[in-house]
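Undergrad: One file: coords.cif (mmCIF, C-alpha atoms).
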data_model
loop_
_atom_site.label_atom_id
_atom_site.label_comp_id
_atom_site.auth_asym_id
_atom_site.auth_seq_id
_atom_site.Cartn_x
_atom_site.Cartn_y
_atom_site.Cartn_z
CA MET A 333 41.21 127.80 34.92
CA LEU A 334 44.75 128.40 36.20
CA ARG A 335 45.19 124.71 37.03
CA GLU A 336 44.02 123.76 33.54
CA VAL A 337 46.44 126.19 31.86
CA VAL A 338 49.36 124.87 33.92
CA GLY A 339 48.35 121.29 33.10
CA ARG A 340 48.26 122.03 29.39
CA LEU A 341 51.64 123.73 29.51
CA GLU A 342 53.11 120.75 31.30
CA GLU A 343 52.00 118.54 28.38
CA MET A 344 54.38 120.39 26.04
CA PRO A 345 57.02 118.13 24.46
CA PRO A 346 60.50 118.14 26.03
CA GLU A 347 62.05 119.76 22.95
CA GLN A 348 59.93 122.85 23.70
CA LYS A 349 61.31 123.26 27.25
CA GLU A 350 62.56 126.80 26.60
CA ARG A 351 59.12 127.84 25.32
CA TRP A 352 57.58 126.21 28.43
CA ARG A 353 59.87 128.36 30.62
CA GLU A 354 58.86 131.52 28.76
CA LEU A 355 55.15 130.73 29.09
CA MET A 356 55.42 129.82 32.78
CA SER A 357 57.35 133.01 33.41
CA TYR A 358 54.64 134.95 31.60
CA LEU A 359 51.96 133.24 33.67
CA ASP A 360 53.72 134.20 36.91
CA ALA A 361 54.16 137.78 35.70
CA PHE A 362 50.51 137.91 34.67
CA VAL A 363 49.44 136.95 38.19
CA TYR A 364 51.80 139.53 39.76
CA HIS A 365 50.63 142.37 37.55
CA THR A 366 46.90 141.72 37.31
CA ARG A 367 45.92 140.62 40.81
CA SER A 368 45.92 142.56 44.05
CA GLY A 369 48.43 141.92 46.86
CA PRO A 370 46.55 139.35 48.97
CA GLU A 371 45.53 137.32 45.90
CA VAL A 372 49.04 136.89 44.49
CA ALA A 373 50.54 134.32 46.90
CA PRO A 374 47.59 131.87 46.77
CA LEU A 375 47.49 132.06 42.96
CA LEU A 376 51.22 131.43 42.69
CA GLN A 377 50.74 128.47 45.02
CA VAL A 378 48.05 127.13 42.65
CA ILE A 379 50.55 127.34 39.80
CA ALA A 380 53.26 125.51 41.77
CA THR A 381 50.98 122.77 43.12
CA SER A 382 49.36 122.19 39.72
CA LEU A 383 52.65 120.96 38.30
CA ARG A 384 53.03 117.20 38.34
CA SER A 385 56.76 117.14 37.62
CA GLU A 386 58.98 117.87 40.62
CA ASP A 387 61.64 119.33 38.31
CA ASN A 388 59.10 121.72 36.81
CA ARG A 389 57.85 122.65 40.28
CA ARG A 390 61.37 123.51 41.45
CA GLU A 391 61.99 125.57 38.33
CA VAL A 392 58.76 127.54 38.76
CA GLU A 393 59.49 128.15 42.45
CA ALA A 394 62.88 129.56 41.45
CA MET A 395 61.15 131.84 38.92
CA GLN A 396 58.74 133.03 41.58
CA LYS A 397 61.54 133.82 44.00
CA THR A 398 63.23 135.88 41.31
CA MET A 399 59.99 137.77 40.68
CA ALA A 400 59.59 138.33 44.42
CA GLN A 401 63.04 139.87 44.47
CA VAL A 402 62.05 142.19 41.62
CA LEU A 403 58.98 143.29 43.57
CA GLN A 404 61.06 143.80 46.69
CA GLU A 405 63.48 145.99 44.73
CA LYS A 406 60.53 147.96 43.33
CA GLY A 407 59.25 148.49 46.86
CA LYS A 408 62.63 149.77 48.00
CA LEU A 409 62.74 152.20 45.09
CA GLU A 410 59.26 153.51 45.89
CA GLY A 411 60.15 153.92 49.56
CA LYS A 412 63.31 155.86 48.77
CA ARG A 413 61.46 157.96 46.19
CA GLU A 414 58.79 158.88 48.75
CA THR A 415 61.38 159.62 51.43
CA LEU A 416 63.42 161.82 49.11
CA LEU A 417 60.39 163.82 48.02
CA ARG A 418 59.25 164.26 51.60
CA GLN A 419 62.67 165.47 52.73
CA LEU A 420 63.04 167.82 49.76
CA ARG A 421 59.62 169.37 50.37
CA LYS A 422 60.18 169.69 54.11
CA ARG A 423 63.58 171.31 53.66
CA PHE A 424 63.16 173.37 50.49
CA GLY A 425 59.40 173.69 49.80
CA ASP A 426 58.00 173.03 46.33
CA VAL A 427 60.00 170.73 44.07
CA PRO A 428 60.22 171.90 40.43
CA ALA A 429 58.43 169.76 37.83
CA GLU A 430 61.67 168.89 36.00
CA MET A 431 63.16 167.59 39.24
CA LEU A 432 60.00 165.59 39.99
CA THR A 433 60.25 163.98 36.55
CA THR A 434 63.87 162.99 37.20
CA ILE A 435 62.98 161.50 40.58
CA GLU A 436 59.97 159.63 39.18
CA THR A 437 61.91 158.13 36.27
CA THR A 438 65.06 157.13 38.15
CA ASN A 439 65.27 153.41 38.92
CA GLU A 440 68.72 153.00 40.50
CA LEU A 441 68.92 152.56 44.27
CA PRO A 442 72.49 153.93 44.50
CA GLN A 443 71.35 157.19 42.91
CA PHE A 444 68.63 157.59 45.53
CA GLU A 445 71.16 156.88 48.28
CA GLU A 446 73.39 159.64 46.89
CA TRP A 447 70.53 162.15 46.73
CA LEU A 448 69.28 161.25 50.21
CA ASP A 449 72.77 161.80 51.62
CA ALA A 450 73.07 165.11 49.74
CA VAL A 451 69.83 166.43 51.27
CA LEU A 452 71.53 166.34 54.69
CA ASP A 453 74.27 168.81 53.74
CA ALA A 454 72.74 170.84 50.91
CA LYS A 455 72.01 174.49 51.59
CA THR A 456 69.94 174.83 48.42
CA LEU A 457 67.77 172.50 46.39
CA GLU A 458 70.26 172.71 43.51
CA GLU A 459 73.07 171.41 45.76
CA VAL A 460 71.22 168.09 46.11
CA GLY A 461 72.29 167.47 42.50
CA ILE A 462 69.08 166.21 40.93
CA ALA A 463 69.56 167.27 37.32
CA PRO A 464 66.66 167.31 34.85
CA THR A 465 66.35 164.14 32.80
CA SER A 466 67.72 164.60 29.29
CA GLU A 467 65.32 163.62 26.54
#
Translate the structure of the given file into structure tokens.

TA:
Amino acid sequence: MLREVVGRLEEMPPEQKERWRELMSYLDAFVYHTRSGPEVAPLLQVIATSLRSEDNRREVEAMQKTMAQVLQEKGKLEGKRETLLRQLRKRFGDVPAEMLTTIETTNELPQFEEWLDAVLDAKTLEEVGIAPTSE
């Protein structure tokens, strides 16, 4: 089915190239978000090898690398989030719900780096500087 979809997309007229890019990007994202870890790489390979045009293949491979970078960044965020929570709990005990919400909704690596550094010197949980998220 995936090969057939890619083949049909490749039949789009050249004047719809931007739409083709959007649809191929969506197809890659669909695979990333609906399939489990070990299934993703082989399915992305099916997409790439189903393309007849070398230019299209290169473009899709570039899209996939970009998506891989996004997933890598997400993994780094999750790792730092887990490490921060572990250190906070080990050092200070229970973490208040408002602070947990802030930690769970923060998506900037530099902020996690700052908090992780602060845990080393903080004498109290408040000194770590994790303010409640404003709504």

Undergrad: Restricting the calculation to all atoms listed in the file: of A:Glu336, A:Tyr364, A:Glu459, A:Trp447, which residue gets closest to A:Thr381?

TA: A:Glu336

Undergrad: Taking only C-alpha atoms into account, which of A:Val338, A:Arg390, A:Gln396, A:Ala380 comes nearest A:Asp360?

TA: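 Result for the nearest residue to A:Asp360: A:Gln396.
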
Undergrad: Give me the box for stretch 410-429 of chain A as AutoDock Vina command-line options, namely the centre and edge lengths in Å to one decimal of a box along x, y and z that holds every listed atom plus 6 Å on each side.

TA:
--center_x 60.8 --center_y 163.6 --center_z 46.0 --size_x 17.6 --size_y 32.2 --size_z 28.3

Undergrad: Using the chain letters and numbering of this document, enumerate as a PyMOL selection string the residues selected by the PyMOL selection byres ((chain A and resi 400-415) around 9).

TA: chain A and resi 364+395-399+416-420+435-436+438-441+444-445+448

Undergrad: Which value, in Å to one decimal, gives the distance between atom CA of A:Met431 and atom CA of A:Glu458?

TA: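 For atom CA of A:Met431 relative to atom CA of A:Glu458, the distance reads 9.7 Å.
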
Undergrad: Could you tell me how far atom CA of A:Tyr358 lies from atom CA of A:Ser385, in Å and to one decimal?

TA: 18.9 Å
